[in-house]
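Engineer: So here's protein_39.csv, just CSV, C-alpha atoms:
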chain,number,residue,atom,x,y,z
A,1,MET,CA,-5.7,-3.1,18.3
A,2,MET,CA,-4.3,-1.9,15.0
A,3,PRO,CA,-6.4,-1.0,12.0
A,4,SER,CA,-5.4,-1.9,8.5
A,5,LEU,CA,-4.3,0.9,6.2
A,6,PHE,CA,-4.2,1.6,2.5
A,7,LEU,CA,-1.5,4.3,2.0
A,8,ALA,CA,-0.5,6.0,-1.2
A,9,HIS,CA,3.2,6.1,-1.8
A,10,GLY,CA,3.1,8.4,-4.9
A,11,SER,CA,6.4,9.7,-6.0
A,12,PRO,CA,9.6,8.4,-4.4
A,13,MET,CA,10.4,12.0,-3.6
A,14,ILE,CA,8.1,11.9,-0.6
A,15,ALA,CA,10.9,10.2,1.3
A,16,ILE,CA,12.8,13.5,1.4
A,17,GLN,CA,10.0,16.0,1.3
A,18,ASP,CA,8.3,18.0,4.0
A,19,ASN,CA,4.8,18.6,2.8
A,20,ARG,CA,1.2,18.0,3.9
A,21,TYR,CA,1.3,14.3,3.1
A,22,THR,CA,4.6,13.5,4.8
A,23,ARG,CA,3.4,15.5,7.9
A,24,PHE,CA,0.2,13.4,7.9
A,25,LEU,CA,2.3,10.2,7.8
A,26,LYS,CA,4.4,11.4,10.7
A,27,GLU,CA,1.3,12.2,12.8
A,28,LEU,CA,-0.3,8.9,11.9
A,29,GLY,CA,2.8,7.0,13.0
A,30,MET,CA,2.8,8.9,16.3
A,31,ASN,CA,-0.8,7.7,16.9
A,32,LEU,CA,-0.2,4.0,16.1
A,33,ASN,CA,2.2,2.0,18.1
A,34,PRO,CA,2.4,-1.5,16.5
A,35,LYS,CA,4.5,-4.4,17.6
A,36,ALA,CA,5.2,-5.2,13.9
A,37,ILE,CA,4.4,-4.0,10.4
A,38,ILE,CA,3.1,-6.2,7.6
A,39,ILE,CA,3.3,-4.3,4.3
A,40,PHE,CA,2.1,-5.3,0.8
A,41,THR,CA,4.0,-3.3,-1.7
A,42,ALA,CA,3.0,-2.6,-5.3
A,43,HIS,CA,6.7,-2.7,-6.3
A,44,TRP,CA,7.2,-6.4,-5.6
A,45,GLU,CA,5.2,-8.6,-8.0
A,46,SER,CA,5.2,-12.4,-8.1
A,47,ASP,CA,2.9,-15.2,-9.3
A,48,VAL,CA,3.1,-16.7,-5.8
A,49,LEU,CA,2.7,-14.5,-2.8
A,50,THR,CA,6.2,-14.1,-1.4
A,51,ILE,CA,6.8,-13.2,2.3
A,52,SER,CA,10.1,-11.6,3.5
A,53,SER,CA,11.5,-13.9,6.2
A,54,ARG,CA,14.6,-12.7,7.9
A,55,ASP,CA,15.7,-11.4,11.3
A,56,ASP,CA,18.5,-9.1,10.1
A,57,GLU,CA,18.4,-5.6,8.6
A,58,TYR,CA,16.9,-5.1,5.2
A,59,GLU,CA,18.9,-3.6,2.4
A,60,THR,CA,17.2,-0.4,1.0
A,61,ILE,CA,16.3,-0.9,-2.7
A,62,TYR,CA,16.4,2.1,-5.0
A,63,ASP,CA,14.0,0.8,-7.7
A,64,PHE,CA,13.8,4.0,-9.7
A,65,TYR,CA,16.1,6.2,-11.7
A,66,GLY,CA,16.5,9.9,-12.6
A,67,PHE,CA,15.9,11.4,-9.2
A,68,PRO,CA,18.2,13.7,-7.1
A,69,GLU,CA,21.2,12.1,-5.5
A,70,GLU,CA,19.9,12.9,-2.0
A,71,LEU,CA,17.1,10.3,-2.5
A,72,TYR,CA,19.7,7.6,-3.1
A,73,GLN,CA,21.3,8.3,0.2
A,74,VAL,CA,18.1,7.5,2.2
A,75,THR,CA,18.3,4.2,4.1
A,76,TYR,CA,15.7,2.4,6.2
A,77,PRO,CA,17.5,-0.3,8.1
A,78,ALA,CA,14.5,-2.0,9.7
A,79,LYS,CA,14.8,-5.6,10.7
A,80,GLY,CA,12.4,-8.4,9.7
A,81,SER,CA,10.9,-11.2,11.7
A,82,THR,CA,11.0,-14.9,10.7
A,83,THR,CA,8.5,-15.7,13.5
A,84,ILE,CA,5.8,-13.3,12.1
A,85,ALA,CA,6.6,-14.4,8.5
A,86,ASN,CA,6.0,-18.0,9.5
A,87,LYS,CA,2.8,-17.1,11.2
A,88,ILE,CA,1.6,-15.3,8.1
A,89,GLN,CA,2.4,-18.2,5.9
A,90,LYS,CA,0.4,-20.6,8.2
A,91,ARG,CA,-2.6,-18.3,7.9
A,92,PHE,CA,-2.3,-18.3,4.1
A,93,GLU,CA,-2.1,-22.1,4.2
A,94,ARG,CA,-5.3,-22.4,6.3
A,95,HIS,CA,-7.1,-20.3,3.7
A,96,GLY,CA,-5.8,-22.3,0.7
A,97,ILE,CA,-3.5,-19.4,-0.4
A,98,GLN,CA,-0.2,-20.5,-1.9
A,99,SER,CA,2.9,-18.6,-0.6
A,100,LYS,CA,6.6,-18.9,-0.2
A,101,LEU,CA,9.3,-17.3,1.9
A,102,ASP,CA,12.2,-15.0,0.8
A,103,LYS,CA,15.3,-14.5,2.9
A,104,ARG,CA,17.2,-12.0,0.7
A,105,ARG,CA,15.1,-9.2,-0.8
A,106,GLY,CA,15.4,-5.8,0.6
A,107,LEU,CA,12.7,-3.1,1.1
A,108,ASP,CA,11.6,-1.4,-2.1
A,109,HIS,CA,10.4,2.2,-2.3
A,110,GLY,CA,6.8,1.1,-2.0
A,111,SER,CA,7.6,0.3,1.6
A,112,TRP,CA,10.4,2.5,2.8
A,113,THR,CA,9.2,5.9,1.5
A,114,VAL,CA,6.1,5.7,3.7
A,115,LEU,CA,7.8,3.9,6.6
A,116,LYS,CA,10.5,6.5,6.7
A,117,HIS,CA,7.9,9.0,7.9
A,118,LEU,CA,5.7,6.7,9.9
A,119,TYR,CA,8.5,5.2,12.0
A,120,PRO,CA,11.7,7.2,11.2
A,121,GLU,CA,13.7,5.2,13.8
A,122,ALA,CA,13.2,2.0,11.9
A,123,ASN,CA,12.9,0.2,15.2
A,124,ILE,CA,9.7,-1.9,14.4
A,125,PRO,CA,10.0,-5.3,12.7
A,126,VAL,CA,8.8,-5.2,9.1
A,127,VAL,CA,7.5,-8.1,7.0
A,128,GLN,CA,7.2,-7.2,3.4
A,129,ILE,CA,4.9,-9.2,1.1
A,130,SER,CA,4.6,-9.2,-2.7
A,131,VAL,CA,1.4,-8.7,-4.8
A,132,HIS,CA,0.1,-10.7,-7.7
A,133,PRO,CA,-1.6,-8.0,-9.7
A,134,PHE,CA,-3.4,-10.3,-12.1
A,135,LEU,CA,-5.6,-12.1,-9.5
A,136,PRO,CA,-9.2,-10.9,-9.5
A,137,PRO,CA,-10.2,-8.4,-6.8
A,138,GLU,CA,-12.2,-11.1,-4.9
A,139,GLU,CA,-8.9,-13.0,-4.5
A,140,GLN,CA,-7.0,-9.9,-3.4
A,141,PHE,CA,-9.7,-9.3,-0.8
A,142,ARG,CA,-9.5,-13.0,0.4
A,143,ILE,CA,-5.7,-12.6,0.8
A,144,GLY,CA,-6.5,-9.7,3.2
A,145,GLU,CA,-9.2,-11.7,5.0
A,146,ALA,CA,-6.6,-14.4,5.7
A,147,LEU,CA,-4.8,-11.9,7.9
A,148,LYS,CA,-7.9,-10.6,9.6
A,149,GLY,CA,-7.5,-10.4,13.4
A,150,MET,CA,-3.8,-9.8,13.3
A,151,GLY,CA,-4.6,-6.2,14.3
A,152,GLN,CA,-5.7,-7.6,17.6
A,153,GLU,CA,-2.1,-8.8,18.1
A,154,ASP,CA,-1.0,-5.2,17.4
A,155,MET,CA,0.3,-6.0,13.9
A,156,LEU,CA,-0.2,-3.1,11.6
A,157,ILE,CA,-1.2,-4.2,8.1
A,158,ILE,CA,-0.5,-1.7,5.2
A,159,GLY,CA,-1.3,-1.9,1.6
A,160,SER,CA,1.0,0.5,-0.2
A,161,GLY,CA,0.0,1.6,-3.7
A,162,ALA,CA,-2.3,4.2,-5.2
A,163,THR,CA,-5.9,4.5,-6.5
A,164,SER,CA,-5.3,6.7,-9.5
A,165,HIS,CA,-1.8,5.9,-10.9
A,166,ASN,CA,-1.3,6.6,-14.6
A,167,LEU,CA,2.1,8.0,-15.2
A,168,ARG,CA,1.3,8.8,-18.8
A,169,MET,CA,-1.5,11.1,-17.7
A,170,LEU,CA,0.6,13.2,-15.2
A,171,LYS,CA,0.7,16.9,-15.8
A,172,TRP,CA,3.9,18.3,-14.4
A,173,GLY,CA,3.5,21.4,-12.3
A,174,GLN,CA,-0.3,21.1,-12.2
A,175,HIS,CA,-1.7,21.6,-8.6
A,176,THR,CA,-5.4,21.2,-9.3
A,177,PRO,CA,-6.8,17.6,-9.7
A,178,GLU,CA,-8.1,16.3,-13.0
A,179,PRO,CA,-11.9,15.8,-12.8
A,180,TRP,CA,-11.7,12.2,-14.0
A,181,ALA,CA,-9.3,11.2,-11.2
A,182,VAL,CA,-11.6,12.9,-8.6
A,183,GLU,CA,-14.7,11.1,-10.1
A,184,PHE,CA,-13.0,7.8,-9.9
A,185,ASP,CA,-11.9,8.3,-6.3
A,186,ASP,CA,-15.4,9.6,-5.4
A,187,TRP,CA,-16.9,6.4,-6.7
A,188,LEU,CA,-14.4,4.3,-4.6
A,189,ILE,CA,-15.1,6.3,-1.4
A,190,ASP,CA,-18.9,6.0,-1.8
A,191,HIS,CA,-18.8,2.2,-2.3
A,192,ILE,CA,-16.1,1.6,0.3
A,193,HIS,CA,-18.2,3.5,2.9
A,194,GLN,CA,-21.2,1.4,1.9
A,195,LYS,CA,-19.1,-1.8,2.0
A,196,ASN,CA,-20.5,-2.6,-1.4
A,197,TYR,CA,-17.9,-5.2,-2.2
A,198,GLN,CA,-19.6,-6.7,-5.2
A,199,LYS,CA,-19.6,-3.4,-7.1
A,200,LEU,CA,-16.0,-2.7,-5.9
A,201,PHE,CA,-14.9,-6.1,-7.3
A,202,GLN,CA,-16.3,-4.9,-10.6
A,203,TYR,CA,-14.7,-1.5,-10.6
A,204,GLU,CA,-13.1,-2.1,-14.0
A,205,THR,CA,-16.5,-1.9,-15.7
A,206,LEU,CA,-18.6,0.0,-13.1
A,207,ALA,CA,-16.3,2.8,-11.9
A,208,PRO,CA,-16.0,6.0,-14.0
A,209,HIS,CA,-12.7,6.4,-15.8
A,210,ALA,CA,-11.4,3.1,-14.4
A,211,GLN,CA,-9.2,2.5,-17.4
A,212,LEU,CA,-7.6,5.9,-17.1
A,213,ALA,CA,-7.0,5.6,-13.3
A,214,VAL,CA,-5.9,2.0,-13.3
A,215,PRO,CA,-4.1,1.2,-16.5
A,216,ARG,CA,-2.3,-1.6,-14.7
A,217,SER,CA,-3.5,-3.0,-11.3
A,218,GLU,CA,-0.3,-3.5,-9.3
A,219,HIS,CA,-0.8,-0.2,-7.4
A,220,PHE,CA,-4.5,-0.8,-7.0
A,221,VAL,CA,-4.7,-4.3,-5.6
A,222,PRO,CA,-3.2,-3.4,-2.2
A,223,LEU,CA,-6.4,-1.5,-1.6
A,224,PHE,CA,-8.4,-4.8,-1.7
A,225,ILE,CA,-5.9,-6.5,0.6
A,226,ALA,CA,-6.1,-3.8,3.2
A,227,MET,CA,-9.8,-3.7,2.9
A,228,GLY,CA,-10.1,-7.5,3.5
A,229,SER,CA,-7.8,-7.5,6.5
A,230,GLY,CA,-9.6,-4.5,8.2
A,231,CYS,CA,-11.3,-4.7,11.6
A,232,MET,CA,-13.0,-1.3,11.7
A,233,GLU,CA,-16.8,-1.2,11.5
A,234,THR,CA,-16.7,1.9,9.4
A,235,PRO,CA,-13.9,2.5,6.9
A,236,GLU,CA,-12.5,6.0,6.9
A,237,VAL,CA,-10.8,8.2,4.4
A,238,ILE,CA,-7.8,9.5,6.3
A,239,TYR,CA,-6.1,11.5,3.6
A,240,ARG,CA,-6.9,12.9,0.1
A,241,GLU,CA,-4.8,15.0,-2.2
A,242,TYR,CA,-3.6,14.9,-5.8
A,243,GLU,CA,-0.2,15.6,-7.4
A,244,MET,CA,0.5,16.5,-11.0
A,245,GLY,CA,-3.2,16.4,-11.8
A,246,SER,CA,-4.0,12.8,-11.3
A,247,LEU,CA,-1.5,11.0,-9.0
A,248,SER,CA,-3.8,10.2,-6.1
A,249,TYR,CA,-2.8,10.2,-2.4
A,250,LEU,CA,-6.1,8.9,-1.3
A,251,SER,CA,-5.6,6.8,1.8
A,252,PHE,CA,-8.0,4.7,3.9
A,253,GLN,CA,-8.2,3.2,7.4
A,254,PHE,CA,-10.1,-0.1,7.6
In structure tokens, write the structure found in this file.
Structural biologist:
Amino acid sequence: MMPSLFLAHGSPMIAIQDNRYTRFLKELGMNLNPKAIIIFTAHWESDVLTISSRDDEYETIYDFYGFPEELYQVTYPAKGSTTIANKIQKRFERHGIQSKLDKRRGLDHGSWTVLKHLYPEANIPVVQISVHPFLPPEEQFRIGEALKGMGQEDMLIIGSGATSHNLRMLKWGQHTPEPWAVEFDDWLIDHIHQKNYQKLFQYETLAPHAQLAVPRSEHFVPLFIAMGSGCMETPEVIYREYEMGSLSYLSFQF
């Protein structure tokens, strides 16, 4: 049985870095042996949930600019799975969730930067799914719930994003976390451990510093999707660290 994960993808630079977080991802991948990976990425937005449906190798998308040339040489030639994509779409249909299939889009950096460390051989089928950031948290959770039980089929569901993700508030070179980012994540951790979903769904008004931490929700909503799809009795914090003051690498296992 596979858990569901919420993993922070932070800076694209993690793809070529050797640090505490990338070593954590490597170890995590060694301890989880899924038959397939289903990943919701913050860097693919659509009004209708869109599911990658292909059996060939994905193109690696470099959806960023201004980084070292070495980063643009990284590839992640995983293959997709039309069979699993169709299974996911049928599950969404049964739950009244509209979706569509996409046969062309490659893997964006919300996916390949973490997968590169989790499964460096790129030998596990990947199905990438978009997010609709403007749906309310309850709906995001329901999207995850539609996939609940796929972990029993050894499908690893990943929500790739970040809890505190405000690029305007980054402090370059700062190695200590900003108190407001810590307070926001503390609030999340407390309510996630309690499974206090109603308060979590109201994070925008109840969580301290929510507007600072989540100025736009595309990186945040994969958390609710992973939460909804989880099968563990007790959610766990599996990693926590901050970069440039407030870029959170808080990660959960559900």
Engineer: I need the residue nearest Glu27 (chain A) from this list: A:Leu188, A:Ile84, A:Met1, A:Leu118. Use all atoms listed in the file for the distance.
Structural biologist: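 Looking at the shortest contact to Glu27 (chain A), the residue is A:Leu118.
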Engineer: List the spatial neighbours of region 221-229 of chain A as an mmCIF file with C-alpha atoms, in the coordinates of the input - criterion: any atom at most 8 Å away, only C-alpha atoms, same-chain residues fewer than 4 positions off excluded.
Structural biologist:
data_model
loop_
_atom_site.group_PDB
_atom_site.id
_atom_site.type_symbol
_atom_site.label_atom_id
_atom_site.label_comp_id
_atom_site.auth_asym_id
_atom_site.auth_seq_id
_atom_site.Cartn_x
_atom_site.Cartn_y
_atom_site.Cartn_z
ATOM 1 C CA SER A 4 -5.400 -1.900 8.500
ATOM 2 C CA LEU A 5 -4.300 0.900 6.200
ATOM 3 C CA PHE A 6 -4.200 1.600 2.500
ATOM 4 C CA PHE A 40 2.100 -5.300 0.800
ATOM 5 C CA THR A 41 4.000 -3.300 -1.700
ATOM 6 C CA ALA A 42 3.000 -2.600 -5.300
ATOM 7 C CA VAL A 131 1.400 -8.700 -4.800
ATOM 8 C CA PRO A 133 -1.600 -8.000 -9.700
ATOM 9 C CA PRO A 137 -10.200 -8.400 -6.800
ATOM 10 C CA GLN A 140 -7.000 -9.900 -3.400
ATOM 11 C CA PHE A 141 -9.700 -9.300 -0.800
ATOM 12 C CA ARG A 142 -9.500 -13.000 0.400
ATOM 13 C CA ILE A 143 -5.700 -12.600 0.800
ATOM 14 C CA GLY A 144 -6.500 -9.700 3.200
ATOM 15 C CA GLU A 145 -9.200 -11.700 5.000
ATOM 16 C CA ALA A 146 -6.600 -14.400 5.700
ATOM 17 C CA LEU A 147 -4.800 -11.900 7.900
ATOM 18 C CA LYS A 148 -7.900 -10.600 9.600
ATOM 19 C CA GLY A 149 -7.500 -10.400 13.400
ATOM 20 C CA ILE A 157 -1.200 -4.200 8.100
ATOM 21 C CA ILE A 158 -0.500 -1.700 5.200
ATOM 22 C CA GLY A 159 -1.300 -1.900 1.600
ATOM 23 C CA SER A 160 1.000 0.500 -0.200
ATOM 24 C CA GLY A 161 0.000 1.600 -3.700
ATOM 25 C CA ALA A 162 -2.300 4.200 -5.200
ATOM 26 C CA THR A 163 -5.900 4.500 -6.500
ATOM 27 C CA SER A 217 -3.500 -3.000 -11.300
ATOM 28 C CA PHE A 254 -10.100 -0.100 7.600
#
Engineer: Once you count all atoms listed in the file, which residues end up no further than 10 Å from (10.4, 1.1, -6.3) in the file's frame, shown as a ChimeraX atom specification?
Structural biologist: /A:9,11-12,41-44,61-65,107-113
Engineer: Quick one: of A:Asp56, A:Pro125, A:Ala210, A:Arg20, who's nearest to Pro34 (chain A), counting only C-alpha atoms?
Structural biologist: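 Smallest distance to Pro34 (chain A) is found for A:Pro125.
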Engineer: Looking at all atoms listed in the file, which of A:Asp190, A:Glu57, A:Glu183, A:Glu69 is the one that sits closest to Pro235 (chain A)?
Structural biologist: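 The shortest atom-to-atom distance to Pro235 (chain A) comes from A:Asp190.
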Engineer: What is the distance, in Å and to one decimal place, between CA of Pro177 (chain A) and CA of His132 (chain A)?
Structural biologist: 29.2 Å
Engineer: Would you mind listing what lies within 8 Å of region 119-123 of chain A as an mmCIF file with C-alpha atoms, keeping the file's coordinate frame, with all atoms listed in the file counted and same-chain residues fewer than 4 positions away left out?
Structural biologist:
data_model
loop_
_atom_site.group_PDB
_atom_site.id
_atom_site.type_symbol
_atom_site.label_atom_id
_atom_site.label_comp_id
_atom_site.auth_asym_id
_atom_site.auth_seq_id
_atom_site.Cartn_x
_atom_site.Cartn_y
_atom_site.Cartn_z
ATOM 1 C CA LYS A 26 4.400 11.400 10.700
ATOM 2 C CA GLY A 29 2.800 7.000 13.000
ATOM 3 C CA TYR A 76 15.700 2.400 6.200
ATOM 4 C CA PRO A 77 17.500 -0.300 8.100
ATOM 5 C CA ALA A 78 14.500 -2.000 9.700
ATOM 6 C CA LYS A 79 14.800 -5.600 10.700
ATOM 7 C CA LEU A 115 7.800 3.900 6.600
#
Engineer: One number please: CA of His191 (chain A) to CA of Ile39 (chain A), in Å, one decimal.
Structural biologist: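 Separating CA of His191 (chain A) from CA of Ile39 (chain A) is a distance of 24.0 Å.
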Engineer: Tell me, in Å to one decimal, how far CA of Pro3 (chain A) is from CA of Ile51 (chain A).
Structural biologist: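 Those two atoms sit 20.4 Å apart.
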